[in-house]
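See below for entry_31.cif, which holds mmCIF, C-alpha atoms and all ligand atoms.
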```cif
data_target
loop_
_atom_site.label_atom_id
_atom_site.label_comp_id
_atom_site.auth_asym_id
_atom_site.auth_seq_id
_atom_site.Cartn_x
_atom_site.Cartn_y
_atom_site.Cartn_z
CA MET A 22 -43.02 5.40 -17.42
CA LYS A 23 -42.02 1.82 -16.61
CA LEU A 24 -38.52 1.28 -15.26
CA LEU A 25 -36.26 -1.62 -14.39
CA ILE A 26 -33.40 -1.13 -11.96
CA THR A 27 -31.07 -4.12 -11.85
CA GLY A 28 -29.22 -4.43 -8.56
CA GLY A 29 -32.18 -2.50 -7.22
CA ALA A 30 -31.82 -3.82 -3.67
CA GLY A 31 -28.23 -2.58 -3.52
CA PHE A 32 -27.06 0.77 -2.24
CA VAL A 33 -27.22 2.76 -5.47
CA GLY A 34 -30.11 0.84 -7.03
CA SER A 35 -32.45 1.04 -4.03
CA SER A 36 -31.64 4.70 -3.37
CA LEU A 37 -32.40 5.61 -6.99
CA ALA A 38 -35.57 3.49 -7.02
CA LEU A 39 -36.92 5.08 -3.84
CA SER A 40 -36.12 8.64 -4.91
CA LEU A 41 -37.64 8.11 -8.35
CA LYS A 42 -40.81 6.63 -6.85
CA ASN A 43 -40.99 9.49 -4.38
CA ASN A 44 -40.65 12.13 -7.08
CA TYR A 45 -42.74 10.33 -9.72
CA PRO A 46 -45.34 8.28 -7.81
CA HIS A 47 -47.09 7.22 -11.03
CA TYR A 48 -43.95 5.53 -12.44
CA GLU A 49 -44.05 1.75 -12.33
CA ILE A 50 -40.67 0.61 -11.02
CA TYR A 51 -39.32 -2.94 -11.02
CA VAL A 52 -36.10 -3.94 -9.33
CA LEU A 53 -34.23 -7.19 -9.95
CA ASP A 54 -31.67 -8.36 -7.42
CA ASN A 55 -30.26 -11.68 -6.25
CA LEU A 56 -29.52 -10.26 -2.75
CA LYS A 57 -25.88 -11.33 -2.96
CA ARG A 58 -24.71 -8.24 -1.10
CA LYS A 59 -25.04 -8.65 2.65
CA GLY A 60 -27.53 -6.07 3.90
CA SER A 61 -29.38 -5.69 0.59
CA GLU A 62 -32.16 -7.83 2.11
CA LEU A 63 -32.95 -4.88 4.40
CA ASN A 64 -33.99 -2.89 1.34
CA VAL A 65 -36.64 -5.31 0.13
CA ALA A 66 -39.20 -4.17 2.72
CA ARG A 67 -38.37 -0.50 2.07
CA LEU A 68 -38.92 -0.98 -1.66
CA SER A 69 -42.17 -2.91 -1.24
CA LYS A 70 -43.52 -0.34 1.20
CA ALA A 71 -42.91 2.36 -1.41
CA GLY A 72 -44.87 0.40 -4.03
CA ILE A 73 -41.83 -0.76 -5.99
CA HIS A 74 -41.98 -4.27 -7.45
CA PHE A 75 -39.15 -6.45 -6.15
CA VAL A 76 -38.14 -9.43 -8.30
CA HIS A 77 -35.73 -11.88 -6.69
CA GLY A 78 -33.62 -12.78 -9.71
CA ASP A 79 -30.15 -12.99 -11.12
CA ILE A 80 -28.90 -11.03 -14.12
CA ARG A 81 -26.73 -14.02 -15.03
CA ASN A 82 -29.93 -15.90 -15.96
CA LYS A 83 -31.67 -14.35 -18.92
CA GLU A 84 -34.84 -16.31 -18.00
CA ASP A 85 -35.08 -14.24 -14.79
CA PHE A 86 -36.00 -11.22 -16.92
CA ASP A 87 -39.18 -13.03 -18.04
CA ALA A 88 -40.85 -11.95 -14.77
CA ILE A 89 -40.57 -8.31 -15.85
CA PRO A 90 -42.82 -6.56 -18.39
CA PRO A 91 -41.33 -4.40 -21.17
CA VAL A 92 -39.96 -1.15 -19.72
CA ASP A 93 -39.08 2.29 -21.08
CA ALA A 94 -35.74 2.54 -19.31
CA LEU A 95 -33.26 0.31 -17.56
CA ILE A 96 -30.78 1.49 -14.95
CA GLU A 97 -28.00 -1.11 -14.65
CA ALA A 98 -26.82 -0.91 -11.03
CA SER A 99 -26.16 -4.56 -10.25
CA ALA A 100 -22.60 -5.73 -9.82
CA GLU A 101 -19.96 -7.38 -7.82
CA PRO A 102 -18.58 -3.92 -7.02
CA SER A 103 -15.33 -4.71 -5.21
CA VAL A 104 -12.06 -3.74 -6.82
CA LEU A 105 -10.49 -6.77 -5.10
CA ALA A 106 -13.00 -9.22 -6.61
CA GLY A 107 -11.43 -12.01 -8.62
CA LEU A 108 -7.86 -11.01 -7.75
CA ASN A 109 -7.56 -14.22 -5.71
CA GLY A 110 -7.74 -16.27 -8.92
CA THR A 111 -11.48 -16.94 -9.02
CA PRO A 112 -13.02 -14.31 -11.30
CA ASP A 113 -16.07 -16.37 -12.37
CA TYR A 114 -18.76 -14.62 -10.36
CA LEU A 115 -17.33 -11.21 -11.22
CA ILE A 116 -17.16 -11.81 -14.97
CA ASN A 117 -20.45 -13.70 -15.16
CA THR A 118 -22.26 -10.87 -13.36
CA ASN A 119 -20.49 -7.70 -14.41
CA LEU A 120 -19.97 -8.65 -18.03
CA PHE A 121 -22.24 -11.50 -19.19
CA GLY A 122 -25.01 -10.32 -16.85
CA THR A 123 -24.75 -6.84 -18.31
CA VAL A 124 -25.19 -8.35 -21.77
CA ASN A 125 -28.41 -10.01 -20.55
CA CYS A 126 -29.55 -6.58 -19.33
CA LEU A 127 -28.76 -5.04 -22.71
CA ASN A 128 -30.65 -7.76 -24.57
CA PHE A 129 -33.65 -7.23 -22.32
CA ALA A 130 -33.43 -3.48 -22.99
CA LEU A 131 -33.23 -4.13 -26.73
CA LYS A 132 -36.33 -6.33 -26.64
CA SER A 133 -38.14 -3.66 -24.60
CA LYS A 134 -36.77 -0.77 -26.70
CA ALA A 135 -35.68 0.65 -23.34
CA ASN A 136 -33.06 3.35 -22.85
CA VAL A 137 -30.07 2.25 -20.77
CA LEU A 138 -28.31 4.18 -18.01
CA PHE A 139 -25.14 2.33 -17.01
CA LEU A 140 -23.31 2.76 -13.70
CA SER A 141 -19.66 2.40 -14.63
CA THR A 142 -16.62 3.26 -12.58
CA SER A 143 -13.52 5.38 -12.38
CA ARG A 144 -11.77 2.02 -12.06
CA VAL A 145 -11.74 1.75 -15.87
CA TYR A 146 -8.68 4.03 -15.73
CA PRO A 147 -5.44 2.02 -15.50
CA ILE A 148 -3.69 1.70 -12.17
CA LYS A 149 -0.08 2.21 -13.26
CA ALA A 150 -0.96 5.36 -15.21
CA ILE A 151 -2.67 6.83 -12.14
CA GLU A 152 0.25 5.82 -9.94
CA THR A 153 2.74 7.69 -12.17
CA LEU A 154 0.88 11.02 -11.95
CA ASN A 155 2.61 14.03 -10.48
CA PHE A 156 1.38 14.90 -7.02
CA GLU A 157 2.29 17.02 -4.04
CA GLU A 158 2.18 15.81 -0.47
CA SER A 159 0.53 18.24 1.90
CA ASP A 160 0.33 17.77 5.67
CA THR A 161 -2.85 15.71 5.39
CA ARG A 162 -3.24 14.45 1.79
CA PHE A 163 -1.87 13.83 -1.68
CA VAL A 164 -2.80 16.50 -4.25
CA LEU A 165 -2.73 16.31 -8.08
CA THR A 166 -0.68 19.00 -9.79
CA ASP A 167 -1.40 20.72 -13.11
CA GLN A 168 1.81 19.56 -14.82
CA GLN A 169 1.22 15.94 -15.80
CA PRO A 170 3.01 13.40 -18.02
CA ILE A 171 -0.21 12.26 -19.74
CA PRO A 172 -3.37 13.90 -21.12
CA GLY A 173 -6.75 13.93 -19.39
CA VAL A 174 -5.58 14.96 -15.95
CA SER A 175 -4.99 18.21 -14.07
CA SER A 176 -5.42 19.56 -10.56
CA LYS A 177 -9.19 19.35 -11.28
CA GLY A 178 -8.94 15.58 -11.54
CA ILE A 179 -9.21 12.86 -14.16
CA ALA A 180 -11.19 13.47 -17.34
CA GLU A 181 -12.69 11.11 -19.92
CA ASN A 182 -9.70 11.36 -22.29
CA PHE A 183 -7.31 9.82 -19.76
CA PRO A 184 -5.49 6.99 -21.64
CA LEU A 185 -6.96 3.52 -21.15
CA ASP A 186 -3.96 1.26 -21.80
CA GLY A 187 -2.85 -0.95 -18.93
CA ALA A 188 -4.29 -3.19 -16.22
CA ARG A 189 -7.06 -1.76 -14.06
CA SER A 190 -8.25 -4.65 -11.85
CA LEU A 191 -10.61 -7.34 -13.07
CA TYR A 192 -13.50 -5.32 -11.67
CA GLY A 193 -12.56 -2.29 -13.77
CA THR A 194 -12.02 -4.52 -16.78
CA THR A 195 -15.49 -6.07 -16.59
CA LYS A 196 -16.91 -2.56 -16.46
CA LEU A 197 -14.83 -1.30 -19.39
CA ALA A 198 -15.70 -4.40 -21.42
CA SER A 199 -19.38 -3.73 -20.70
CA GLU A 200 -18.92 -0.11 -21.78
CA LEU A 201 -17.48 -1.29 -25.11
CA ILE A 202 -20.43 -3.61 -25.73
CA ILE A 203 -22.86 -0.86 -24.76
CA GLN A 204 -21.28 1.40 -27.37
CA GLU A 205 -21.77 -1.29 -30.04
CA TYR A 206 -25.44 -1.74 -29.08
CA ASN A 207 -25.80 2.03 -29.24
CA GLU A 208 -24.18 2.32 -32.67
CA PHE A 209 -25.50 -0.76 -34.44
CA TYR A 210 -28.77 -1.62 -32.66
CA GLY A 211 -29.91 1.94 -32.01
CA LEU A 212 -30.12 1.45 -28.24
CA LYS A 213 -30.08 4.82 -26.46
CA THR A 214 -27.46 4.72 -23.73
CA VAL A 215 -25.46 6.82 -21.32
CA ILE A 216 -22.44 5.63 -19.34
CA ASN A 217 -21.56 7.29 -16.03
CA ARG A 218 -18.04 6.61 -14.80
CA CYS A 219 -18.44 7.26 -11.10
CA GLY A 220 -15.78 7.60 -8.45
CA VAL A 221 -16.68 6.73 -4.86
CA ILE A 222 -20.44 6.99 -4.29
CA THR A 223 -21.66 6.93 -0.71
CA GLY A 224 -24.39 7.84 1.75
CA PRO A 225 -27.00 6.22 3.98
CA TRP A 226 -27.96 2.62 3.16
CA GLN A 227 -24.53 1.71 1.81
CA MET A 228 -23.48 -1.57 3.43
CA GLY A 229 -19.82 -0.56 3.66
CA LYS A 230 -17.17 -3.25 4.06
CA ALA A 231 -13.39 -3.41 3.96
CA ASP A 232 -13.18 -3.93 0.21
CA GLN A 233 -16.08 -1.71 -0.89
CA GLY A 234 -17.88 1.26 0.61
CA VAL A 235 -14.96 2.77 2.51
CA MET A 236 -16.81 5.90 3.62
CA VAL A 237 -19.56 4.01 5.46
CA LEU A 238 -16.98 1.57 6.81
CA TRP A 239 -15.00 4.50 8.22
CA VAL A 240 -17.99 6.21 9.82
CA ALA A 241 -19.43 2.92 11.14
CA LYS A 242 -16.16 1.82 12.73
CA HIS A 243 -16.06 5.15 14.58
CA TYR A 244 -19.71 4.89 15.47
CA PHE A 245 -19.40 1.35 16.87
CA GLU A 246 -15.98 2.11 18.40
CA GLN A 247 -14.05 -0.55 16.53
CA GLN A 248 -10.63 -0.14 14.95
CA LEU A 249 -9.32 0.69 11.48
CA ALA A 250 -6.03 0.69 9.57
CA TYR A 251 -4.32 3.11 7.21
CA ILE A 252 -3.15 0.62 4.60
CA GLY A 253 -0.32 1.50 2.22
CA TYR A 254 1.38 4.70 1.04
CA GLY A 255 3.45 4.83 4.19
CA GLY A 256 0.53 4.10 6.50
CA THR A 257 -0.21 7.79 7.13
CA GLY A 258 -3.72 7.86 5.64
CA LYS A 259 -2.92 10.45 2.99
CA GLN A 260 -4.53 8.55 0.10
CA THR A 261 -7.26 10.77 -1.28
CA ARG A 262 -10.61 10.23 -3.02
CA ASP A 263 -13.54 12.33 -4.07
CA MET A 264 -16.88 11.14 -2.77
CA LEU A 265 -20.29 11.65 -4.28
CA HIS A 266 -23.38 11.74 -2.07
CA ILE A 267 -26.03 9.38 -3.42
CA ALA A 268 -28.51 12.29 -3.39
CA ASP A 269 -26.25 14.15 -5.82
CA LEU A 270 -25.98 11.10 -8.07
CA TYR A 271 -29.77 10.84 -8.02
CA ARG A 272 -30.12 14.35 -9.49
CA LEU A 273 -27.87 13.39 -12.38
CA ILE A 274 -29.67 10.10 -13.09
CA ASP A 275 -33.07 11.82 -12.92
CA TRP A 276 -31.88 14.39 -15.47
CA GLU A 277 -30.43 11.77 -17.81
CA LEU A 278 -33.54 9.62 -17.61
CA HIS A 279 -35.62 12.54 -18.81
CA HIS A 280 -33.12 14.01 -21.33
CA ILE A 281 -31.65 10.87 -22.84
CA ASP A 282 -31.40 12.38 -26.34
CA GLU A 283 -29.06 15.05 -25.00
CA VAL A 284 -26.59 12.51 -23.59
CA ASN A 285 -27.25 9.52 -25.86
CA GLY A 286 -24.01 7.64 -26.59
CA GLU A 287 -22.00 9.67 -24.09
CA ILE A 288 -19.45 8.57 -21.51
CA LEU A 289 -19.41 10.95 -18.54
CA ASN A 290 -17.12 11.04 -15.52
CA ALA A 291 -19.23 11.90 -12.47
CA GLY A 292 -17.98 12.25 -8.93
CA GLY A 293 -17.65 14.50 -5.95
CA GLY A 294 -14.79 16.48 -7.49
CA VAL A 295 -12.14 18.42 -5.59
CA GLU A 296 -14.76 20.17 -3.44
CA SER A 297 -16.03 16.86 -2.06
CA SER A 298 -12.77 15.03 -1.51
CA ALA A 299 -10.82 13.87 1.51
CA SER A 300 -7.85 11.78 2.51
CA LEU A 301 -8.42 9.00 5.03
CA GLN A 302 -6.65 11.13 7.62
CA GLU A 303 -9.00 14.05 6.95
CA LEU A 304 -11.97 11.71 6.99
CA THR A 305 -10.90 10.42 10.40
CA ARG A 306 -10.91 13.96 11.76
CA ILE A 307 -14.43 14.61 10.45
CA CYS A 308 -15.66 11.25 11.81
CA GLN A 309 -14.22 12.13 15.22
CA GLU A 310 -15.98 15.49 15.18
CA VAL A 311 -19.34 14.19 13.97
CA THR A 312 -19.55 10.97 16.03
CA GLY A 313 -17.66 12.32 19.05
CA ARG A 314 -15.58 9.12 19.13
CA THR A 315 -11.90 8.45 18.58
CA ILE A 316 -10.75 4.93 17.69
CA PRO A 317 -7.35 3.29 17.17
CA ILE A 318 -6.12 3.40 13.55
CA ASN A 319 -3.06 1.27 12.90
CA PRO A 320 -0.54 2.07 10.18
CA VAL A 321 0.16 -0.70 7.64
CA THR A 322 3.00 0.28 5.34
CA GLU A 323 2.51 -2.36 2.65
CA ASN A 324 0.23 -1.30 -0.24
CA ARG A 325 -2.97 -3.22 -0.92
CA ALA A 326 -3.46 -4.93 -4.31
CA ALA A 327 -5.00 -2.68 -6.98
CA ASP A 328 -4.94 0.36 -4.69
CA ILE A 329 -4.30 3.87 -5.98
CA ARG A 330 -2.77 6.88 -4.28
CA LEU A 331 -5.45 9.32 -5.29
CA TYR A 332 -8.47 9.74 -7.50
CA ILE A 333 -10.42 12.92 -8.12
CA THR A 334 -13.14 13.26 -10.78
CA ASP A 335 -12.94 16.10 -13.28
CA ASN A 336 -16.66 16.87 -13.74
CA THR A 337 -16.10 19.46 -16.51
CA LYS A 338 -17.75 17.41 -19.29
CA VAL A 339 -20.78 16.24 -17.34
CA THR A 340 -21.38 19.77 -16.03
CA ASN A 341 -21.11 21.26 -19.53
CA ARG A 342 -23.47 18.67 -20.99
CA THR A 343 -26.11 18.52 -18.28
CA GLY A 344 -25.65 21.48 -15.95
CA TRP A 345 -25.26 18.98 -13.11
CA LYS A 346 -22.69 19.34 -10.41
CA PRO A 347 -22.44 17.87 -6.93
CA GLU A 348 -23.74 20.00 -4.06
CA LEU A 349 -23.01 17.96 -0.93
CA GLY A 350 -19.59 17.76 0.69
CA ILE A 351 -17.77 15.32 2.96
CA ARG A 352 -19.07 16.70 6.24
CA GLU A 353 -22.69 16.48 5.07
CA ILE A 354 -22.06 12.92 3.93
CA VAL A 355 -20.59 11.89 7.30
CA THR A 356 -23.43 13.64 9.14
CA ASP A 357 -26.09 11.87 7.03
CA ILE A 358 -24.44 8.47 7.49
CA THR A 359 -24.21 9.00 11.25
CA ALA A 360 -27.89 9.96 11.47
CA TRP A 361 -28.80 6.82 9.50
CA LEU A 362 -26.74 4.67 11.89
CA ASP A 363 -28.55 6.29 14.82
CA GLU A 364 -31.97 5.61 13.34
CA ASN A 365 -31.27 2.00 12.32
CA ARG A 366 -28.72 0.89 14.90
CA ALA A 367 -30.27 -2.47 15.74
CA ALA A 368 -30.62 -3.60 12.11
CA LEU A 369 -27.22 -2.29 11.03
CA GLU A 370 -25.05 -3.40 13.94
CA PRO A 371 -24.80 -7.05 12.81
CA ILE A 372 -23.87 -5.93 9.27
CA LEU A 373 -21.57 -2.96 9.83
CA LYS A 374 -19.93 -3.57 13.19
N1 LIG A 401 -20.62 2.49 -4.67
C1 LIG A 401 -19.66 3.01 -5.38
O1 LIG A 401 -18.77 3.67 -4.85
C2 LIG A 401 -19.64 2.83 -6.88
C3 LIG A 401 -18.73 3.59 -7.63
C4 LIG A 401 -18.71 3.45 -9.00
C5 LIG A 401 -19.59 2.59 -9.62
N2 LIG A 401 -20.45 1.85 -8.88
C6 LIG A 401 -21.36 0.93 -9.58
O2 LIG A 401 -22.68 1.21 -9.18
C7 LIG A 401 -23.44 0.01 -9.19
C8 LIG A 401 -24.09 -0.18 -7.83
O3 LIG A 401 -23.10 -0.37 -6.83
P1 LIG A 401 -23.48 -0.35 -5.31
O4 LIG A 401 -22.50 0.49 -4.63
O5 LIG A 401 -24.92 -0.05 -5.16
O6 LIG A 401 -23.18 -1.86 -4.91
P2 LIG A 401 -24.11 -2.84 -4.05
O7 LIG A 401 -23.30 -4.08 -3.83
O8 LIG A 401 -24.69 -2.16 -2.88
O9 LIG A 401 -25.29 -3.15 -5.07
C9 LIG A 401 -25.20 -4.08 -6.10
C10 LIG A 401 -26.42 -4.98 -6.04
O10 LIG A 401 -26.32 -5.92 -7.10
C11 LIG A 401 -26.79 -7.17 -6.59
N3 LIG A 401 -26.20 -8.23 -7.41
C12 LIG A 401 -24.95 -8.72 -7.39
N4 LIG A 401 -24.81 -9.71 -8.29
C13 LIG A 401 -26.03 -9.83 -8.89
C14 LIG A 401 -26.53 -10.70 -9.90
N5 LIG A 401 -25.75 -11.62 -10.48
N6 LIG A 401 -27.83 -10.58 -10.26
C15 LIG A 401 -28.62 -9.66 -9.66
N7 LIG A 401 -28.21 -8.83 -8.72
C16 LIG A 401 -26.92 -8.90 -8.34
C17 LIG A 401 -26.33 -7.21 -5.14
O11 LIG A 401 -27.10 -8.10 -4.36
C18 LIG A 401 -26.52 -5.76 -4.72
O12 LIG A 401 -27.78 -5.57 -4.12
C19 LIG A 401 -22.47 -1.11 -9.56
O13 LIG A 401 -22.59 -1.35 -10.93
C20 LIG A 401 -21.12 -0.53 -9.25
O14 LIG A 401 -20.13 -1.10 -10.05
C21 LIG A 401 -20.51 1.96 -7.52
#
```
Could you write out this structure as structure tokens?
Ligand SMILES: NC(=O)c1ccc[n+]([C@@H]2O[C@H](COP(=O)([O-])OP(=O)(O)OC[C@H]3O[C@@H](n4cnc5c(N)ncnc54)[C@H](O)[C@@H]3O)[C@@H](O)[C@H]2O)c1
Amino acid sequence: MKLLITGGAGFVGSSLALSLKNNYPHYEIYVLDNLKRKGSELNVARLSKAGIHFVHGDIRNKEDFDAIPPVDALIEASAEPSVLAGLNGTPDYLINTNLFGTVNCLNFALKSKANVLFLSTSRVYPIKAIETLNFEESDTRFVLTDQQPIPGVSSKGIAENFPLDGARSLYGTTKLASELIIQEYNEFYGLKTVINRCGVITGPWQMGKADQGVMVLWVAKHYFEQQLAYIGYGGTGKQTRDMLHIADLYRLIDWELHHIDEVNGEILNAGGGVESSASLQELTRICQEVTGRTIPINPVTENRAADIRLYITDNTKVTNRTGWKPELGIREIVTDITAWLDENRAALEPILK
């Protein structure tokens, strides 16, 4: 099998590329990345050492795909992945990459007759709708209740039939727009596709920063003894997310890659679920226990743009369709990230401190 992973020097792309190469050494894997994300340059040597072909290119330029031979499957994992991107009034890079760039990927896949696995996001679900959900406030977090004003949500989390009307951030919109185009290519051009709407994905080799990759940011700030802030929702750190270990995502992508006919045309929510969820406050406690360090965390009462109180993935559909469910929880994630920081301290300090 020949594969192309766009954004393949990024956190998700490089992790998937390396795991696939490890499990299927005879696969020929190409990654295309423009190295826009700080830290992604560290992955180039790791990829090359594993025998993966790195192509320094930009999905915004369709000519950059000329360096890649026809492939059997394309995993689209390139993006400007920050929910804050473009909100300052300059959305060009975001839209040109996440939407027009995705179209270039789809056209390359069409020419190659390649199947497409698309990394979408829970951010396709509209912000105001999520913010009006019924929740309870426990001592340490916000919790979804079963009685809800809209369909597609319960105490298990948010499902694929959650209504899509309303603003969702420009990031979420570029992803949803890409999803719509993917569905047209699937229906009218016969492209085989699967869309995974992921919540927070995390693990070693994520170059966490304030606007994207919160889990690594949180662990790294503890590790390097810096400071953090609980921003919004009263400044108590009760906002809650589920988090999916990259190793769990890998198992899903591996399955889909090899069973595309069973998920062709599907949209699947995939995330850590209730079992692998935490509020910031709970995450702080685990970081303190695992790193042995306690840092100052300042409360900021004002909400951040495009933020949401809580998001939990309802994995019911993806589990029914594929048998997949996440296995690793928050503590394992924090432990793995801490071990990675230990092993790569010198290289990571300038990026994550
Ligand atoms: N990490 C998460 O929590 C999360 C959650 C849901 C969905 N996703 C999606 O998963 C995918 C991977 O995200 P990630 O967390 O690995 O982010 P990342 O920033 O680590 O990786 C994205 C990669 O794309 C590259 N890139 C950016 N613009 C490019 C362009 N124009 N041409 C070529 N390469 C370009 C970057 O250099 C980077 O290496 C994205 O599509 C993202 O939207 C991520």
Practice task
Determine the nearest neighbour of ligand LIG 401 (chain A) from the options A:His279, A:His47, A:Arg325, A:Lys59, counting all atoms listed in the file.
Solution key: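 Closest to ligand LIG 401 (chain A), using all atoms listed in the file: A:Lys59.
Around range 32-46 of chain A, within 6 Å and counting all atoms listed in the file, the residues found are A:Ala98, A:Trp226, A:Gln227, A:Tyr271, once anything fewer than 5 positions away on its own chain is removed.
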Exercise for the section: Output the neighbourhood of ligand LIG 401 (chain A) as a count of residues only, that is, all protein and nucleic acid residues with some atom at most 7 Å from the ligand, counting only C-alpha atoms and all ligand atoms. Expected result: 40
Problem - Shell of 10 Å around range 200-203 of chain A, only C-alpha atoms, local chain residues under 5 positions omitted, as a list in words - result: Leu120, Thr123, Val124, Leu127, Val137, Phe139, Leu140, Ser141, Val145, Thr194, Thr195, Glu208, Tyr210, Leu212, Lys213, Thr214, Val215, Ile216, Asn217, Arg218, Gly286 and Ile288 of chain A
Take the residues from that selection and write them out as a PDB file, keeping the file's coordinate frame, keeping C-alpha atoms.
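Ended up saving to again_22.pdb:
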```pdb
ATOM      1  CA  LEU A 120     -19.970  -8.650 -18.030  1.00  0.00           C
ATOM      2  CA  THR A 123     -24.750  -6.840 -18.310  1.00  0.00           C
ATOM      3  CA  VAL A 124     -25.190  -8.350 -21.770  1.00  0.00           C
ATOM      4  CA  LEU A 127     -28.760  -5.040 -22.710  1.00  0.00           C
ATOM      5  CA  VAL A 137     -30.070   2.250 -20.770  1.00  0.00           C
ATOM      6  CA  PHE A 139     -25.140   2.330 -17.010  1.00  0.00           C
ATOM      7  CA  LEU A 140     -23.310   2.760 -13.700  1.00  0.00           C
ATOM      8  CA  SER A 141     -19.660   2.400 -14.630  1.00  0.00           C
ATOM      9  CA  VAL A 145     -11.740   1.750 -15.870  1.00  0.00           C
ATOM     10  CA  THR A 194     -12.020  -4.520 -16.780  1.00  0.00           C
ATOM     11  CA  THR A 195     -15.490  -6.070 -16.590  1.00  0.00           C
ATOM     12  CA  GLU A 208     -24.180   2.320 -32.670  1.00  0.00           C
ATOM     13  CA  TYR A 210     -28.770  -1.620 -32.660  1.00  0.00           C
ATOM     14  CA  LEU A 212     -30.120   1.450 -28.240  1.00  0.00           C
ATOM     15  CA  LYS A 213     -30.080   4.820 -26.460  1.00  0.00           C
ATOM     16  CA  THR A 214     -27.460   4.720 -23.730  1.00  0.00           C
ATOM     17  CA  VAL A 215     -25.460   6.820 -21.320  1.00  0.00           C
ATOM     18  CA  ILE A 216     -22.440   5.630 -19.340  1.00  0.00           C
ATOM     19  CA  ASN A 217     -21.560   7.290 -16.030  1.00  0.00           C
ATOM     20  CA  ARG A 218     -18.040   6.610 -14.800  1.00  0.00           C
ATOM     21  CA  GLY A 286     -24.010   7.640 -26.590  1.00  0.00           C
ATOM     22  CA  ILE A 288     -19.450   8.570 -21.510  1.00  0.00           C
TER      23      ILE A 288
END
```
Problem - Within 8 Å of file point (-35.4, -1.7, -14.6), counting only C-alpha atoms, expressed as a list in words - result: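 Within 8 Å of (-35.4, -1.7, -14.6), the protein and nucleic acid residues are Lys23, Leu24, Leu25, Ile26, Thr27, Ile50, Tyr51, Val52, Leu53, Val92, Ala94, Leu95, Ile96 and Glu97 of chain A.
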Problem - Among the residues A:Arg306, A:Lys374, A:Arg272, A:Lys259, the one that comes closest to Phe163 in chain A [using all atoms listed in the file] - result: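 Looking at the shortest contact to Phe163 in chain A, the residue is A:Lys259.
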Exercise for the section: Would you mind telling me which residue in A:Leu369, A:Val295, A:Ala250, A:Leu165 lies nearest to Leu331 in chain A when using all atoms listed in the file? Expected result: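 That would be A:Leu165, the residue with the smallest distance to Leu331 in chain A.
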Handout entry: Long-range neighbours of Gly256 in chain A as a PyMOL selection string, 9 Å cut-off, all atoms listed in the file, 5 positions minimum in chain
Key = chain A and resi 250-251+319-324
Practice task
Could you tell me which of A:Ala299, A:Leu249, A:Val237, A:Ala291 comes closest to Leu362 in chain A if we count all atoms listed in the file?
Solution key: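 Looking at the shortest contact to Leu362 in chain A, the residue is A:Val237.
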